[in-house]
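J.: Have a look at this one before I ask anything.
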Amino acid sequence: MVIAAVCLSGFCAISYMTTGVFAWGYLSGAALIVLVSWLDDVYDIPSVWRLICHAAAAVLLIANAGYLHGIGVPGTSYSIEFGWFGIAITVFWVVWMINAYNFMDGIDGIAGLQAVIAGLGWSAIAAEYRVPGMHLFGLVISAASLGFLLHNWQPARIFMGDVGSAFLGFTFAAFPVLAAARNPASGPDFLFVGVLVLWLFMFDSVITLFSRLVRGRRVWHAHREHLYQKLVISGRSHAAVTTIYGIFTIMIVVSLICITASTGISPFVPLIIMGGVTTALCVWVLGTRVRT
């Protein structure tokens, strides 16, 4: 609850100080996510009702800030336009990010550290693109997550729960939409950024989902089959796995910042690094399976 309260208070303060930042769709959607997640933490709400609320939060965001119109690579003219399919893609994007972040909050520190890095990455990139207020909001998210992380590092004394993880997932999903609403010309770039700053969370959750679907498992049930969970089960400490995920994410985020700052490196470097760290993670997981 504290992560959400600090971030939303910061968002309102930034909106008061900076013209053109306030987004009632994000604020009301985030409040809905916090409410249903708190109720789920306390009363265990059926998954179908949670998904309905997640989709409703996405609709609120779209009604106010618009939807994702395409995806492109920063620093290039390459982009894929979504057209009207962008509305459905945006709803799916928001719902997926909420649940992916929730799925990945399974060991000490991992969700908090990823939020710190992603918040800093968004802050730097929003500043480079001159998106009003969003660079400050990125810092607020990073600071709130760091305060939590200090108590959540192994051995954890507090835990994020559905309220924190679902809120952060919704917020990071909303970032490309909010940024594009304030800088439409660079809109396709922001979805690319949104995917890469949390790439390992997305990859881990997607590969695990399809693996469970292929094997006929009930994907909405709790399990310990994520890549990061397999590493812990094989004997790696929470701190070690969290640190590796953090280092890999920093590599991707730094490369993104470099290309948006026009440092002369190829715009495709982030994709190359993304492929490299993904391969390294898969090799690490397969290696531990062989040894065990």
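Labels for the structure tokens follow display order: chains A, B, ..., residues from 1 in each chain, ligands from 1.
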Identify, on the basis of only C-alpha atoms, every residue whose closest approach to Ser77 of chain A does not exceed 12 Å; exclude the query and any residue fewer than 3 positions from it along the same chain; express the result as a list in words.
T.: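 With the cut-off at 12 Å, the set is Ile71, Gly72, Val73, Pro74, Ile80, Glu81, Ala185, Ser186, Pro188, Asp189 and Pro267 of chain A.
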J.: So which bits of segment 77-107 of chain A end up alpha helix (DSSP H) when you DSSP the backbone, as number ranges by chain?
T.: A: 85-104
J.: How far is it from atom CA of Ile252 of chain A to atom CA of Phe203 of chain A, in Å with one decimal?
T.: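 Atom-to-atom, atom CA of Ile252 of chain A to atom CA of Phe203 of chain A, that is 13.5 Å.
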J.: Report the closest atom pair, with its distance in Å rounded to one decimal, for each residue of segment 110-173 of chain A that has an atom no farther than 12 Å from segment 15-18 of chain A; count only C-alpha atoms, sort by chain and then rising residue number, and write it as a tab-separated table.
T.:
```
residue	atom	partner	partner_atom	distance
A:Val131	CA	A:Thr18	CA	10.9
A:Pro132	CA	A:Thr18	CA	7.0
A:Gly133	CA	A:Thr18	CA	6.2
A:Met134	CA	A:Ser15	CA	9.6
A:His135	CA	A:Thr18	CA	11.5
A:Leu136	CA	A:Thr18	CA	10.1
A:Phe137	CA	A:Ser15	CA	9.5
```
J.: Could those selected residues go to a file with N, CA, C and O atoms, as a compact mmCIF listing (two decimals), in the first residue's frame?
T.:
```
# COMPACT_ATOMS: atom_id res chain seq x y z
N VAL A 131 9.36 14.81 -22.23
CA VAL A 131 7.98 14.51 -21.89
C VAL A 131 7.68 15.17 -20.54
O VAL A 131 8.28 14.79 -19.53
N PRO A 132 6.79 16.14 -20.52
CA PRO A 132 6.57 16.94 -19.29
C PRO A 132 6.25 16.08 -18.06
O PRO A 132 5.30 15.29 -18.07
N GLY A 133 7.02 16.26 -17.01
CA GLY A 133 6.74 15.64 -15.72
C GLY A 133 7.02 14.17 -15.60
O GLY A 133 7.17 13.64 -14.49
N MET A 134 7.09 13.43 -16.72
CA MET A 134 7.22 11.99 -16.64
C MET A 134 8.60 11.57 -16.13
O MET A 134 8.75 10.51 -15.53
N HIS A 135 9.62 12.42 -16.37
CA HIS A 135 10.94 12.09 -15.83
C HIS A 135 10.93 12.16 -14.30
O HIS A 135 11.59 11.37 -13.63
N LEU A 136 10.14 13.09 -13.76
CA LEU A 136 10.02 13.19 -12.31
C LEU A 136 9.23 12.01 -11.75
O LEU A 136 9.56 11.48 -10.68
N PHE A 137 8.20 11.60 -12.46
CA PHE A 137 7.40 10.47 -11.99
C PHE A 137 8.23 9.19 -11.99
O PHE A 137 8.10 8.34 -11.09
```
J.: Would you pick out the contacts of Ala23 of chain A at 10 Å or less, using only C-alpha atoms, so that residues sharing its chain but fewer than 6 positions from it are not included, and give the list as a ChimeraX atom specification?
T.: /A:11-12,15,29,61,64-65,178,181
J.: Next, dump the selected residues to file, keeping only N, CA, C and O atoms, as a PDB file, in the first residue's frame.
T.:
```pdb
ATOM      1  N   PHE A  11       2.612  11.579  -8.110  1.00  0.00           N
ATOM      2  CA  PHE A  11       2.014  11.893  -9.412  1.00  0.00           C
ATOM      3  C   PHE A  11       1.113  13.118  -9.308  1.00  0.00           C
ATOM      4  O   PHE A  11       1.151  14.004 -10.182  1.00  0.00           O
ATOM      5  N   CYS A  12       0.315  13.192  -8.239  1.00  0.00           N
ATOM      6  CA  CYS A  12      -0.569  14.346  -8.062  1.00  0.00           C
ATOM      7  C   CYS A  12       0.245  15.614  -7.826  1.00  0.00           C
ATOM      8  O   CYS A  12      -0.100  16.691  -8.348  1.00  0.00           O
ATOM      9  N   SER A  15       1.737  16.692 -11.086  1.00  0.00           N
ATOM     10  CA  SER A  15       0.672  17.228 -11.935  1.00  0.00           C
ATOM     11  C   SER A  15       0.310  18.655 -11.524  1.00  0.00           C
ATOM     12  O   SER A  15       0.004  19.511 -12.379  1.00  0.00           O
ATOM     13  N   GLY A  29      -7.601   4.446 -12.787  1.00  0.00           N
ATOM     14  CA  GLY A  29      -7.253   3.053 -13.080  1.00  0.00           C
ATOM     15  C   GLY A  29      -6.339   2.473 -12.022  1.00  0.00           C
ATOM     16  O   GLY A  29      -6.514   1.331 -11.577  1.00  0.00           O
ATOM     17  N   LEU A  61      -7.770   4.181 -18.631  1.00  0.00           N
ATOM     18  CA  LEU A  61      -6.539   4.794 -19.143  1.00  0.00           C
ATOM     19  C   LEU A  61      -6.716   5.218 -20.594  1.00  0.00           C
ATOM     20  O   LEU A  61      -6.349   6.339 -20.981  1.00  0.00           O
ATOM     21  N   ASN A  64      -8.944   8.309 -21.327  1.00  0.00           N
ATOM     22  CA  ASN A  64      -8.355   9.599 -21.003  1.00  0.00           C
ATOM     23  C   ASN A  64      -7.101   9.905 -21.824  1.00  0.00           C
ATOM     24  O   ASN A  64      -6.965  10.993 -22.389  1.00  0.00           O
ATOM     25  N   ALA A  65      -6.185   8.937 -21.893  1.00  0.00           N
ATOM     26  CA  ALA A  65      -4.864   9.199 -22.480  1.00  0.00           C
ATOM     27  C   ALA A  65      -4.691   8.635 -23.883  1.00  0.00           C
ATOM     28  O   ALA A  65      -3.655   8.868 -24.517  1.00  0.00           O
ATOM     29  N   LEU A 178       0.971   7.232 -21.503  1.00  0.00           N
ATOM     30  CA  LEU A 178       1.031   8.602 -20.993  1.00  0.00           C
ATOM     31  C   LEU A 178       2.094   9.421 -21.736  1.00  0.00           C
ATOM     32  O   LEU A 178       1.871  10.592 -22.062  1.00  0.00           O
ATOM     33  N   ALA A 181       0.890  10.309 -25.209  1.00  0.00           N
ATOM     34  CA  ALA A 181      -0.137  11.349 -25.188  1.00  0.00           C
ATOM     35  C   ALA A 181       0.482  12.738 -25.109  1.00  0.00           C
ATOM     36  O   ALA A 181      -0.094  13.716 -25.602  1.00  0.00           O
TER      37      ALA A 181
END
```
J.: Would you please work out which residue, of A:Gly10, A:Gly235, A:Gly161, A:Gly276, is nearest to Ala144 of chain A when using only C-alpha atoms?
T.: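 Looking only at the distances to Ala144 of chain A, the closest residue turns out to be A:Gly10.
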J.: Near Ile250 of chain A, within 10 Å and counting only C-alpha atoms, which residues show up once chain neighbours fewer than 3 positions away are dropped, as a PDB file with all heavy atoms, in the first residue's frame?
T.:
```
ATOM      1  N   GLN A 114      13.769  -4.488  -9.975  1.00  0.00           N
ATOM      2  CA  GLN A 114      13.366  -4.196 -11.350  1.00  0.00           C
ATOM      3  C   GLN A 114      12.638  -2.862 -11.436  1.00  0.00           C
ATOM      4  O   GLN A 114      12.822  -2.110 -12.391  1.00  0.00           O
ATOM      5  CB  GLN A 114      12.470  -5.321 -11.875  1.00  0.00           C
ATOM      6  CG  GLN A 114      13.173  -6.651 -12.082  1.00  0.00           C
ATOM      7  CD  GLN A 114      14.133  -6.635 -13.252  1.00  0.00           C
ATOM      8  OE1 GLN A 114      13.769  -6.295 -14.368  1.00  0.00           O
ATOM      9  NE2 GLN A 114      15.375  -7.008 -12.998  1.00  0.00           N
ATOM     10  N   ILE A 117      15.195   0.042 -11.305  1.00  0.00           N
ATOM     11  CA  ILE A 117      15.914   0.208 -12.572  1.00  0.00           C
ATOM     12  C   ILE A 117      14.996   0.751 -13.662  1.00  0.00           C
ATOM     13  O   ILE A 117      15.354   1.678 -14.398  1.00  0.00           O
ATOM     14  CB  ILE A 117      16.527  -1.135 -13.006  1.00  0.00           C
ATOM     15  CG1 ILE A 117      17.529  -1.620 -11.959  1.00  0.00           C
ATOM     16  CG2 ILE A 117      17.208  -1.001 -14.365  1.00  0.00           C
ATOM     17  CD1 ILE A 117      17.964  -3.067 -12.151  1.00  0.00           C
ATOM     18  N   ALA A 118      13.791   0.186 -13.767  1.00  0.00           N
ATOM     19  CA  ALA A 118      12.854   0.632 -14.801  1.00  0.00           C
ATOM     20  C   ALA A 118      12.435   2.080 -14.572  1.00  0.00           C
ATOM     21  O   ALA A 118      12.302   2.858 -15.527  1.00  0.00           O
ATOM     22  CB  ALA A 118      11.625  -0.277 -14.823  1.00  0.00           C
ATOM     23  N   LEU A 120      14.205   4.465 -13.104  1.00  0.00           N
ATOM     24  CA  LEU A 120      15.334   5.319 -13.498  1.00  0.00           C
ATOM     25  C   LEU A 120      15.467   5.380 -15.019  1.00  0.00           C
ATOM     26  O   LEU A 120      15.753   6.446 -15.591  1.00  0.00           O
ATOM     27  CB  LEU A 120      16.631   4.798 -12.880  1.00  0.00           C
ATOM     28  CG  LEU A 120      16.775   4.967 -11.360  1.00  0.00           C
ATOM     29  CD1 LEU A 120      18.033   4.263 -10.870  1.00  0.00           C
ATOM     30  CD2 LEU A 120      16.811   6.447 -10.984  1.00  0.00           C
ATOM     31  N   GLY A 121      15.262   4.220 -15.674  1.00  0.00           N
ATOM     32  CA  GLY A 121      15.342   4.199 -17.131  1.00  0.00           C
ATOM     33  C   GLY A 121      14.295   5.097 -17.765  1.00  0.00           C
ATOM     34  O   GLY A 121      14.597   5.901 -18.659  1.00  0.00           O
ATOM     35  N   VAL A 197      12.520  -2.143 -20.967  1.00  0.00           N
ATOM     36  CA  VAL A 197      12.934  -1.851 -19.587  1.00  0.00           C
ATOM     37  C   VAL A 197      12.512  -2.955 -18.623  1.00  0.00           C
ATOM     38  O   VAL A 197      13.081  -3.074 -17.528  1.00  0.00           O
ATOM     39  CB  VAL A 197      12.387  -0.493 -19.089  1.00  0.00           C
ATOM     40  CG1 VAL A 197      12.976   0.653 -19.879  1.00  0.00           C
ATOM     41  CG2 VAL A 197      10.872  -0.463 -19.087  1.00  0.00           C
ATOM     42  N   ILE A 244      21.416 -10.948 -10.719  1.00  0.00           N
ATOM     43  CA  ILE A 244      21.629 -11.243 -12.139  1.00  0.00           C
ATOM     44  C   ILE A 244      20.536 -10.611 -12.994  1.00  0.00           C
ATOM     45  O   ILE A 244      20.808  -9.987 -14.034  1.00  0.00           O
ATOM     46  CB  ILE A 244      21.701 -12.763 -12.375  1.00  0.00           C
ATOM     47  CG1 ILE A 244      22.981 -13.334 -11.782  1.00  0.00           C
ATOM     48  CG2 ILE A 244      21.618 -13.088 -13.866  1.00  0.00           C
ATOM     49  CD1 ILE A 244      24.256 -12.778 -12.402  1.00  0.00           C
ATOM     50  N   TYR A 245      19.278 -10.767 -12.574  1.00  0.00           N
ATOM     51  CA  TYR A 245      18.174 -10.130 -13.303  1.00  0.00           C
ATOM     52  C   TYR A 245      18.385  -8.614 -13.347  1.00  0.00           C
ATOM     53  O   TYR A 245      18.124  -7.969 -14.365  1.00  0.00           O
ATOM     54  CB  TYR A 245      16.832 -10.462 -12.650  1.00  0.00           C
ATOM     55  CG  TYR A 245      16.174 -11.713 -13.189  1.00  0.00           C
ATOM     56  CD1 TYR A 245      16.685 -12.972 -12.924  1.00  0.00           C
ATOM     57  CD2 TYR A 245      15.020 -11.628 -13.967  1.00  0.00           C
ATOM     58  CE1 TYR A 245      16.079 -14.119 -13.405  1.00  0.00           C
ATOM     59  CE2 TYR A 245      14.386 -12.764 -14.460  1.00  0.00           C
ATOM     60  CZ  TYR A 245      14.933 -14.015 -14.178  1.00  0.00           C
ATOM     61  OH  TYR A 245      14.325 -15.147 -14.676  1.00  0.00           O
ATOM     62  N   GLY A 246      18.855  -8.047 -12.235  1.00  0.00           N
ATOM     63  CA  GLY A 246      19.088  -6.611 -12.189  1.00  0.00           C
ATOM     64  C   GLY A 246      20.206  -6.178 -13.120  1.00  0.00           C
ATOM     65  O   GLY A 246      20.078  -5.188 -13.839  1.00  0.00           O
ATOM     66  N   ILE A 247      21.319  -6.913 -13.120  1.00  0.00           N
ATOM     67  CA  ILE A 247      22.451  -6.574 -13.992  1.00  0.00           C
ATOM     68  C   ILE A 247      22.052  -6.657 -15.461  1.00  0.00           C
ATOM     69  O   ILE A 247      22.365  -5.764 -16.266  1.00  0.00           O
ATOM     70  CB  ILE A 247      23.647  -7.502 -13.711  1.00  0.00           C
ATOM     71  CG1 ILE A 247      24.234  -7.201 -12.321  1.00  0.00           C
ATOM     72  CG2 ILE A 247      24.724  -7.358 -14.787  1.00  0.00           C
ATOM     73  CD1 ILE A 247      25.288  -8.193 -11.878  1.00  0.00           C
ATOM     74  N   VAL A 253      18.760  -1.276 -20.260  1.00  0.00           N
ATOM     75  CA  VAL A 253      18.302   0.096 -20.033  1.00  0.00           C
ATOM     76  C   VAL A 253      19.386   1.106 -20.401  1.00  0.00           C
ATOM     77  O   VAL A 253      19.098   2.138 -21.023  1.00  0.00           O
ATOM     78  CB  VAL A 253      17.860   0.266 -18.565  1.00  0.00           C
ATOM     79  CG1 VAL A 253      17.634   1.744 -18.235  1.00  0.00           C
ATOM     80  CG2 VAL A 253      16.577  -0.526 -18.301  1.00  0.00           C
ATOM     81  N   VAL A 254      20.631   0.837 -20.040  1.00  0.00           N
ATOM     82  CA  VAL A 254      21.725   1.755 -20.372  1.00  0.00           C
ATOM     83  C   VAL A 254      21.865   1.886 -21.890  1.00  0.00           C
ATOM     84  O   VAL A 254      22.081   2.983 -22.419  1.00  0.00           O
ATOM     85  CB  VAL A 254      23.044   1.285 -19.737  1.00  0.00           C
ATOM     86  CG1 VAL A 254      24.231   2.058 -20.308  1.00  0.00           C
ATOM     87  CG2 VAL A 254      22.991   1.462 -18.220  1.00  0.00           C
ATOM     88  N   SER A 255      21.737   0.777 -22.602  1.00  0.00           N
ATOM     89  CA  SER A 255      21.837   0.841 -24.065  1.00  0.00           C
ATOM     90  C   SER A 255      20.690   1.663 -24.657  1.00  0.00           C
ATOM     91  O   SER A 255      20.881   2.411 -25.625  1.00  0.00           O
ATOM     92  CB  SER A 255      21.839  -0.571 -24.667  1.00  0.00           C
ATOM     93  OG  SER A 255      20.588  -1.218 -24.493  1.00  0.00           O
ATOM     94  N   LEU A 256      19.493   1.562 -24.055  1.00  0.00           N
ATOM     95  CA  LEU A 256      18.355   2.370 -24.509  1.00  0.00           C
ATOM     96  C   LEU A 256      18.624   3.859 -24.296  1.00  0.00           C
ATOM     97  O   LEU A 256      18.356   4.690 -25.166  1.00  0.00           O
ATOM     98  CB  LEU A 256      17.095   1.959 -23.744  1.00  0.00           C
ATOM     99  CG  LEU A 256      16.245   0.836 -24.325  1.00  0.00           C
ATOM    100  CD1 LEU A 256      15.146   0.451 -23.333  1.00  0.00           C
ATOM    101  CD2 LEU A 256      15.637   1.228 -25.662  1.00  0.00           C
TER     102      LEU A 256
END
```
